[in-house]
Amino acid sequence: ARAQIGVTGLAVMGRNLARNLARNGFVVAVHNRSAGRMHSLVAEHGDEGEFVGSETLADFVASLERPRKVIVMVKAGGPTDAVIDELVPLLDEGDIVIDAGNAHFPDTRRREAALKAEGLHFVGTGVSGGEEGALLGPSIMPGGSRESYEWLGPILEKISAKVDGVPCCTYVGPDGAGHFVKMVHNGIEYADMQLIAEAYDLLKQGLGATAQEIGEIFARWNTGDLESFLIEITAEVLAHTDAATGAAFVDVVLDQAEQKGTGRWTVQNGLDLGVPITGIAEATFARALSGSVPQRGAAAGALPAHAGTWDVQDREAFVEDVRLALYASKVVAYSQGFDQIAAASAEYGWDIDRGAMARIWRGGCIIRARFLNRITEAYERDAHLPLLLADEYFTEAVGQGVQAWRRVVSQAALNGVPTPAFSSSLAYYDGVRAERLPANLIQAQRDFFGAHTYRRTDREGTFHTGWSTDRAEVEA
Ligand code: 6PG
């Protein structure tokens, strides 16, 4: 047994992770259910490092030094359980099974508990960065026992992306914490993408600009505070011409967004924990609306718009307004996502360091961005910060753009351009900063129809008014 780590499941992500490990000097055991993929990996990339290929799972396990470290890279759900079930009887106490797929964190918690009972470590890890990231350095978010990280951490840190020499990998927390953080990463990814799409639509509708022109604006934005992977690829996509028609590529792509489900999980969990992740939720629902074909068919041309014809006078000022509104909305989406991590950390006993999460998202992953440094700094100033938006840096940065944000959202509404994520982020901003919200009326209504009680502003206690009798107040 001489392999230091193994990968089973050699579709593109598993194959690229295995190559990344080998390129970094680790001896990598490789296995795939149908051996063809294993053989082709060794044949095509055997010169990149040292692979130990096995045709059976038993030989694969036998080729690993102990404690064995086995990365499972198969489809989330049933296929992952099937591989784990086959693997467990072949392993010995102290061995480590790593699920690097996009598993749902409750599954990871269940699997971790089951394997712990067998004396094994189970590490659910988020891996972000797509195919290229897996090969060249992803952002890695491992959960599980601390002890397993002692063994695994040095390997994962070595193959991860680096920013200023710092690895984009750290221990996240027990059991499902790693997959949870990856799930929120994906939720933020949805919000970020929706906000960028709304900015594109605003520039298109407000300026009547072409895809090419909008691409140039995004390229310019990518040199400032908004610098990020998603803005960069947006500029590239917008500049691309469709070979078949000669039209701008985006203009021939069908406007129905799909999803594999991680955004939906994030929203479901936000509802479970009662955390208002409105940016992520709007982004997820916006994808659903785009795919609501019968409804869109029934509405198009039938619902009156009564909207103006958008004719922006000062084009440069408008572009700057959209940029400021995009940045402010983006900060709201991240602030909400970090709230969700804090709430889950408390609920599930994970003790997640939010500043460290922002640090490992600076490179490798899909939401990598310059401004994540600012988030890390905010949590360095105060590890228990109750609201990222209220950190001094973000208060200032968002504050500068508030008027622009209001102009953009109101102009969009007047001109009938949907901006669900921009608008709801502004509503969240105004809601969370409000001295007094109309929730007082909701409490009074609940007490009226259901005797659900209310608290008062002037005294401690819980009260009920006898609405259907004498309307006298009693302490409940
Ligand atoms: C990543 C991505 C990756 C995947 C998304 C796509 O971090 O590398 O998030 O996990 O590309 O899950 O998600 P949808 O298909 O749901 O848009």
# chains A, B, ... in the order shown; residues from 1 in each chain; ligands from 1
call {"tool": "residues_near_ligand", "arguments": {"ligand": "ligand 1", "cutoff": "10 Å", "atoms": "only C-alpha atoms and all ligand atoms", "output": "ChimeraX atom specification"}}
result
/A:13,101-102,126-134,138-140,182-190,193,257-265,284,287,361,364-368
call {"tool": "residues_around", "arguments": {"residues": "Ser148 of chain A", "least_positions_apart": "3", "cutoff": "9 Å", "atoms": "only C-alpha atoms", "output": "PyMOL selection string"}}
result
chain A and resi 94-96+121-123+144-145+151-153
call {"tool": "select_by_dssp", "arguments": {"residues": "segment 217-348 of chain A", "states": "helix (DSSP H, G or I)", "output": "PyMOL selection string"}}
result
chain A and resi 217-221+229-239+249-252+262-273+278-290+293-299+315-348
call {"tool": "residues_around", "arguments": {"residues": "Gln445 of chain A", "least_positions_apart": "5", "cutoff": "12 Å", "atoms": "only C-alpha atoms", "output": "number ranges by chain"}}
result
A: 438-440, 450-454, 464-465, 467
call {"tool": "residues_around", "arguments": {"residues": "Ala427 of chain A", "least_positions_apart": "2", "cutoff": "12 Å", "atoms": "only C-alpha atoms", "output": "VMD selection string"}}
result
chain A and resid 276 278 to 279 328 to 329 332 402 405 to 406 409 to 410 419 to 425 429 to 434 437
call {"tool": "write_last_selection", "arguments": {"atoms": "N, CA and C atoms", "output": "PDB file, in the first residue's frame"}}
result
ATOM      1  N   PRO A 276     -33.924  35.982   6.838  1.00  0.00           N
ATOM      2  CA  PRO A 276     -34.377  36.608   5.587  1.00  0.00           C
ATOM      3  C   PRO A 276     -33.267  36.700   4.545  1.00  0.00           C
ATOM      4  N   THR A 278     -33.370  37.262   1.381  1.00  0.00           N
ATOM      5  CA  THR A 278     -34.264  37.674   0.293  1.00  0.00           C
ATOM      6  C   THR A 278     -33.557  37.744  -1.067  1.00  0.00           C
ATOM      7  N   GLY A 279     -32.284  38.111  -1.066  1.00  0.00           N
ATOM      8  CA  GLY A 279     -31.563  38.192  -2.341  1.00  0.00           C
ATOM      9  C   GLY A 279     -31.478  36.828  -2.997  1.00  0.00           C
ATOM     10  N   ALA A 328     -24.250  47.703  -3.974  1.00  0.00           N
ATOM     11  CA  ALA A 328     -25.025  47.736  -2.724  1.00  0.00           C
ATOM     12  C   ALA A 328     -25.882  46.478  -2.597  1.00  0.00           C
ATOM     13  N   SER A 329     -26.530  46.066  -3.688  1.00  0.00           N
ATOM     14  CA  SER A 329     -27.380  44.872  -3.645  1.00  0.00           C
ATOM     15  C   SER A 329     -26.549  43.630  -3.368  1.00  0.00           C
ATOM     16  N   VAL A 332     -25.767  43.356   0.258  1.00  0.00           N
ATOM     17  CA  VAL A 332     -26.943  42.835   0.984  1.00  0.00           C
ATOM     18  C   VAL A 332     -27.011  41.315   0.855  1.00  0.00           C
ATOM     19  N   VAL A 402     -26.603  54.719  -1.910  1.00  0.00           N
ATOM     20  CA  VAL A 402     -28.027  54.548  -1.613  1.00  0.00           C
ATOM     21  C   VAL A 402     -28.929  55.360  -2.544  1.00  0.00           C
ATOM     22  N   TRP A 405     -29.076  53.814  -5.896  1.00  0.00           N
ATOM     23  CA  TRP A 405     -29.868  52.578  -5.772  1.00  0.00           C
ATOM     24  C   TRP A 405     -31.360  52.912  -5.866  1.00  0.00           C
ATOM     25  N   ARG A 406     -31.767  53.959  -5.130  1.00  0.00           N
ATOM     26  CA  ARG A 406     -33.182  54.368  -5.172  1.00  0.00           C
ATOM     27  C   ARG A 406     -33.587  54.839  -6.568  1.00  0.00           C
ATOM     28  N   VAL A 409     -33.895  51.664  -8.899  1.00  0.00           N
ATOM     29  CA  VAL A 409     -35.062  50.808  -8.608  1.00  0.00           C
ATOM     30  C   VAL A 409     -36.361  51.526  -8.986  1.00  0.00           C
ATOM     31  N   SER A 410     -36.453  52.830  -8.697  1.00  0.00           N
ATOM     32  CA  SER A 410     -37.698  53.538  -9.008  1.00  0.00           C
ATOM     33  C   SER A 410     -37.846  53.738 -10.514  1.00  0.00           C
ATOM     34  N   THR A 419     -36.803  44.122 -11.629  1.00  0.00           N
ATOM     35  CA  THR A 419     -35.516  44.037 -10.927  1.00  0.00           C
ATOM     36  C   THR A 419     -35.751  43.409  -9.553  1.00  0.00           C
ATOM     37  N   PRO A 420     -36.195  42.145  -9.502  1.00  0.00           N
ATOM     38  CA  PRO A 420     -36.556  41.568  -8.207  1.00  0.00           C
ATOM     39  C   PRO A 420     -35.418  41.599  -7.183  1.00  0.00           C
ATOM     40  N   ALA A 421     -34.205  41.311  -7.608  1.00  0.00           N
ATOM     41  CA  ALA A 421     -33.114  41.240  -6.628  1.00  0.00           C
ATOM     42  C   ALA A 421     -32.643  42.637  -6.205  1.00  0.00           C
ATOM     43  N   PHE A 422     -32.536  43.557  -7.158  1.00  0.00           N
ATOM     44  CA  PHE A 422     -32.178  44.944  -6.807  1.00  0.00           C
ATOM     45  C   PHE A 422     -33.233  45.517  -5.841  1.00  0.00           C
ATOM     46  N   SER A 423     -34.509  45.332  -6.205  1.00  0.00           N
ATOM     47  CA  SER A 423     -35.594  45.953  -5.430  1.00  0.00           C
ATOM     48  C   SER A 423     -35.707  45.336  -4.041  1.00  0.00           C
ATOM     49  N   SER A 424     -35.659  44.005  -3.976  1.00  0.00           N
ATOM     50  CA  SER A 424     -35.853  43.394  -2.661  1.00  0.00           C
ATOM     51  C   SER A 424     -34.642  43.659  -1.769  1.00  0.00           C
ATOM     52  N   SER A 425     -33.469  43.818  -2.357  1.00  0.00           N
ATOM     53  CA  SER A 425     -32.292  44.130  -1.535  1.00  0.00           C
ATOM     54  C   SER A 425     -32.423  45.525  -0.932  1.00  0.00           C
ATOM     55  N   TYR A 429     -32.661  46.559   2.968  1.00  0.00           N
ATOM     56  CA  TYR A 429     -31.818  47.615   3.536  1.00  0.00           C
ATOM     57  C   TYR A 429     -32.675  48.604   4.328  1.00  0.00           C
ATOM     58  N   ASP A 430     -33.783  49.012   3.719  1.00  0.00           N
ATOM     59  CA  ASP A 430     -34.657  49.964   4.407  1.00  0.00           C
ATOM     60  C   ASP A 430     -35.378  49.306   5.584  1.00  0.00           C
ATOM     61  N   GLY A 431     -35.677  48.021   5.428  1.00  0.00           N
ATOM     62  CA  GLY A 431     -36.364  47.316   6.516  1.00  0.00           C
ATOM     63  C   GLY A 431     -35.471  47.118   7.723  1.00  0.00           C
ATOM     64  N   VAL A 432     -34.259  46.669   7.476  1.00  0.00           N
ATOM     65  CA  VAL A 432     -33.397  46.331   8.607  1.00  0.00           C
ATOM     66  C   VAL A 432     -32.936  47.592   9.346  1.00  0.00           C
ATOM     67  N   ARG A 433     -32.903  48.730   8.638  1.00  0.00           N
ATOM     68  CA  ARG A 433     -32.447  49.956   9.302  1.00  0.00           C
ATOM     69  C   ARG A 433     -33.614  50.751   9.908  1.00  0.00           C
ATOM     70  N   ALA A 434     -34.861  50.321   9.666  1.00  0.00           N
ATOM     71  CA  ALA A 434     -36.022  51.090  10.134  1.00  0.00           C
ATOM     72  C   ALA A 434     -36.090  51.135  11.659  1.00  0.00           C
ATOM     73  N   LEU A 437     -40.995  49.148  12.403  1.00  0.00           N
ATOM     74  CA  LEU A 437     -41.602  48.460  11.260  1.00  0.00           C
ATOM     75  C   LEU A 437     -43.092  48.271  11.529  1.00  0.00           C
TER      76      LEU A 437
END
call {"tool": "residues_around", "arguments": {"residues": "His179 of chain A", "least_positions_apart": "5", "cutoff": "8 Å", "atoms": "only C-alpha atoms", "output": "JSON list (two decimals) with N, CA, C and O atoms, in the first residue's frame"}}
result
[["chain", "number", "residue", "atom", "x", "y", "z"],
["A", 102, "ASN", "N", -21.66, 17.76, -4.42],
["A", 102, "ASN", "CA", -22.56, 18.79, -3.88],
["A", 102, "ASN", "C", -23.67, 18.11, -3.08],
["A", 102, "ASN", "O", -24.85, 18.17, -3.45],
["A", 103, "ALA", "N", -23.32, 17.47, -1.94],
["A", 103, "ALA", "CA", -24.33, 16.78, -1.14],
["A", 103, "ALA", "C", -25.16, 17.78, -0.35],
["A", 103, "ALA", "O", -24.69, 18.87, -0.01],
["A", 104, "HIS", "N", -26.40, 17.39, -0.04],
["A", 104, "HIS", "CA", -27.25, 18.22, 0.81],
["A", 104, "HIS", "C", -26.80, 17.98, 2.25],
["A", 104, "HIS", "O", -26.66, 16.84, 2.66],
["A", 105, "PHE", "N", -26.59, 19.05, 3.02],
["A", 105, "PHE", "CA", -25.93, 18.89, 4.33],
["A", 105, "PHE", "C", -26.66, 17.95, 5.30],
["A", 105, "PHE", "O", -25.99, 17.29, 6.11],
["A", 108, "THR", "N", -25.22, 14.68, 4.73],
["A", 108, "THR", "CA", -23.85, 14.61, 5.26],
["A", 108, "THR", "C", -23.87, 14.36, 6.76],
["A", 108, "THR", "O", -23.09, 13.56, 7.28],
["A", 124, "GLY", "N", -17.57, 15.65, 4.76],
["A", 124, "GLY", "CA", -18.34, 16.22, 3.65],
["A", 124, "GLY", "C", -17.66, 17.52, 3.28],
["A", 124, "GLY", "O", -17.58, 18.42, 4.12],
["A", 125, "THR", "N", -17.18, 17.61, 2.07],
["A", 125, "THR", "CA", -16.48, 18.84, 1.72],
["A", 125, "THR", "C", -17.07, 19.53, 0.49],
["A", 125, "THR", "O", -17.38, 18.88, -0.51],
["A", 126, "GLY", "N", -17.21, 20.82, 0.60],
["A", 126, "GLY", "CA", -17.58, 21.62, -0.56],
["A", 126, "GLY", "C", -16.34, 21.80, -1.41],
["A", 126, "GLY", "O", -15.24, 21.97, -0.88],
["A", 141, "MET", "N", -14.02, 23.40, 1.14],
["A", 141, "MET", "CA", -14.73, 23.69, 2.40],
["A", 141, "MET", "C", -15.03, 22.39, 3.15],
["A", 141, "MET", "O", -16.14, 21.90, 3.13],
["A", 142, "PRO", "N", -14.04, 21.82, 3.84],
["A", 142, "PRO", "CA", -14.25, 20.52, 4.48],
["A", 142, "PRO", "C", -14.88, 20.59, 5.86],
["A", 142, "PRO", "O", -14.48, 21.40, 6.70],
["A", 143, "GLY", "N", -15.87, 19.72, 6.10],
["A", 143, "GLY", "CA", -16.45, 19.56, 7.43],
["A", 143, "GLY", "C", -16.07, 18.19, 7.97],
["A", 143, "GLY", "O", -15.44, 17.41, 7.27]]
call {"tool": "residues_around", "arguments": {"residues": "Ile214 of chain A", "least_positions_apart": "3", "cutoff": "9 Å", "atoms": "only C-alpha atoms", "output": "short mmCIF file (atom, residue, chain, number, x, y, z; two decimals) with N, CA and C atoms, in the first residue's frame"}}
result
data_model
loop_
_atom_site.label_atom_id
_atom_site.label_comp_id
_atom_site.auth_asym_id
_atom_site.auth_seq_id
_atom_site.Cartn_x
_atom_site.Cartn_y
_atom_site.Cartn_z
N TYR A 200 -27.44 43.99 -16.40
CA TYR A 200 -27.37 43.86 -17.86
C TYR A 200 -28.69 44.31 -18.50
N LEU A 203 -29.15 48.11 -18.33
CA LEU A 203 -28.33 48.81 -19.31
C LEU A 203 -28.91 48.62 -20.73
N LYS A 204 -29.44 47.43 -20.95
CA LYS A 204 -30.02 47.13 -22.25
C LYS A 204 -31.29 47.96 -22.48
N ALA A 209 -28.55 49.69 -25.22
CA ALA A 209 -27.18 49.32 -25.59
C ALA A 209 -27.13 47.88 -26.14
N THR A 210 -26.13 47.62 -26.97
CA THR A 210 -25.94 46.27 -27.52
C THR A 210 -25.17 45.42 -26.51
N ALA A 211 -25.21 44.12 -26.74
CA ALA A 211 -24.48 43.20 -25.87
C ALA A 211 -23.00 43.57 -25.83
N ILE A 217 -18.85 47.74 -20.69
CA ILE A 217 -19.12 48.36 -19.37
C ILE A 217 -18.72 47.38 -18.26
N PHE A 218 -19.10 46.10 -18.40
CA PHE A 218 -18.72 45.11 -17.39
C PHE A 218 -17.19 44.96 -17.30
N ALA A 219 -16.54 45.00 -18.43
CA ALA A 219 -15.07 44.88 -18.42
C ALA A 219 -14.47 46.05 -17.63
N ALA A 235 -18.45 39.85 -18.92
CA ALA A 235 -17.88 40.67 -20.00
C ALA A 235 -17.51 39.80 -21.19
N LEU A 238 -20.69 38.47 -23.00
CA LEU A 238 -21.38 39.52 -23.76
C LEU A 238 -20.63 39.89 -25.04
N ALA A 239 -19.32 39.71 -25.02
CA ALA A 239 -18.52 40.07 -26.20
C ALA A 239 -18.54 38.96 -27.26
#
call {"tool": "closest_residue", "arguments": {"among": "A:Glu86, A:Ala18, A:Asp175, A:Glu236", "to": "Ala113 of chain A", "atoms": "only C-alpha atoms"}}
result
A:Asp175
call {"tool": "residues_around", "arguments": {"residues": "Glu377 of chain A", "least_positions_apart": "2", "cutoff": "12 Å", "atoms": "only C-alpha atoms", "output": "VMD selection string"}}
result
chain A and resid 354 to 359 371 to 375 379 to 383 385 388 391 to 394
call {"tool": "closest_residue", "arguments": {"among": "A:Asp107, A:Asp255, A:Asp59, A:Asp272", "to": "Arg296 of chain A", "atoms": "only C-alpha atoms"}}
result
A:Asp255
call {"tool": "select_by_dssp", "arguments": {"residues": "segment 358-466 of chain A", "states": "strand (DSSP E or B)", "output": "VMD selection string"}}
result
chain A and resid 369 454 463 to 465
call {"tool": "atom_distance", "arguments": {"atom1": "atom CA of Leu387 of chain A", "atom2": "atom CA of Ser335 of chain A"}}
result
6.6 Å
call {"tool": "closest_residue", "arguments": {"among": "A:Val97, A:Val74, A:Leu289, A:Leu271", "to": "Pro418 of chain A", "atoms": "only C-alpha atoms"}}
result
A:Leu289
call {"tool": "atom_distance", "arguments": {"atom1": "atom CA of Gln256 of chain A", "atom2": "atom CA of Ala298 of chain A"}}
result
15.9 Å
call {"tool": "closest_residue", "arguments": {"among": "A:Ala476, A:Leu324, A:Val172, A:Met38", "to": "Arg19 of chain A", "atoms": "only C-alpha atoms"}}
result
A:Met38
call {"tool": "decode", "arguments": {"residues": "segment 379-392 of chain A", "atoms": "N, CA and C atoms", "output": "PDB file, in the first residue's frame"}}
result
ATOM      1  N   TYR A 379     -14.940  40.851   9.781  1.00  0.00           N
ATOM      2  CA  TYR A 379     -15.035  39.847  10.854  1.00  0.00           C
ATOM      3  C   TYR A 379     -13.767  39.816  11.706  1.00  0.00           C
ATOM      4  N   GLU A 380     -12.666  40.326  11.174  1.00  0.00           N
ATOM      5  CA  GLU A 380     -11.469  40.475  12.013  1.00  0.00           C
ATOM      6  C   GLU A 380     -11.678  41.600  13.019  1.00  0.00           C
ATOM      7  N   ARG A 381     -12.373  42.652  12.571  1.00  0.00           N
ATOM      8  CA  ARG A 381     -12.672  43.756  13.498  1.00  0.00           C
ATOM      9  C   ARG A 381     -13.613  43.261  14.591  1.00  0.00           C
ATOM     10  N   ASP A 382     -14.578  42.408  14.223  1.00  0.00           N
ATOM     11  CA  ASP A 382     -15.545  41.910  15.195  1.00  0.00           C
ATOM     12  C   ASP A 382     -16.040  40.538  14.743  1.00  0.00           C
ATOM     13  N   ALA A 383     -15.542  39.497  15.400  1.00  0.00           N
ATOM     14  CA  ALA A 383     -15.884  38.122  14.998  1.00  0.00           C
ATOM     15  C   ALA A 383     -17.373  37.840  15.203  1.00  0.00           C
ATOM     16  N   HIS A 384     -18.021  38.613  16.089  1.00  0.00           N
ATOM     17  CA  HIS A 384     -19.444  38.367  16.379  1.00  0.00           C
ATOM     18  C   HIS A 384     -20.356  39.414  15.752  1.00  0.00           C
ATOM     19  N   LEU A 385     -19.836  40.101  14.751  1.00  0.00           N
ATOM     20  CA  LEU A 385     -20.606  41.139  14.054  1.00  0.00           C
ATOM     21  C   LEU A 385     -22.035  40.645  13.774  1.00  0.00           C
ATOM     22  N   PRO A 386     -23.070  41.349  14.293  1.00  0.00           N
ATOM     23  CA  PRO A 386     -24.432  40.850  14.087  1.00  0.00           C
ATOM     24  C   PRO A 386     -24.951  41.082  12.667  1.00  0.00           C
ATOM     25  N   LEU A 387     -24.365  42.036  11.956  1.00  0.00           N
ATOM     26  CA  LEU A 387     -24.851  42.361  10.607  1.00  0.00           C
ATOM     27  C   LEU A 387     -23.681  42.907   9.794  1.00  0.00           C
ATOM     28  N   LEU A 388     -23.326  42.168   8.748  1.00  0.00           N
ATOM     29  CA  LEU A 388     -22.187  42.586   7.923  1.00  0.00           C
ATOM     30  C   LEU A 388     -22.374  44.004   7.375  1.00  0.00           C
ATOM     31  N   LEU A 389     -23.614  44.317   6.970  1.00  0.00           N
ATOM     32  CA  LEU A 389     -23.929  45.644   6.438  1.00  0.00           C
ATOM     33  C   LEU A 389     -23.590  46.760   7.420  1.00  0.00           C
ATOM     34  N   ALA A 390     -23.620  46.434   8.711  1.00  0.00           N
ATOM     35  CA  ALA A 390     -23.400  47.464   9.736  1.00  0.00           C
ATOM     36  C   ALA A 390     -21.925  47.625  10.078  1.00  0.00           C
ATOM     37  N   ASP A 391     -21.052  46.838   9.462  1.00  0.00           N
ATOM     38  CA  ASP A 391     -19.616  47.055   9.642  1.00  0.00           C
ATOM     39  C   ASP A 391     -19.262  48.429   9.064  1.00  0.00           C
ATOM     40  N   GLU A 392     -18.280  49.087   9.672  1.00  0.00           N
ATOM     41  CA  GLU A 392     -17.991  50.475   9.287  1.00  0.00           C
ATOM     42  C   GLU A 392     -17.649  50.615   7.796  1.00  0.00           C
TER      43      GLU A 392
END
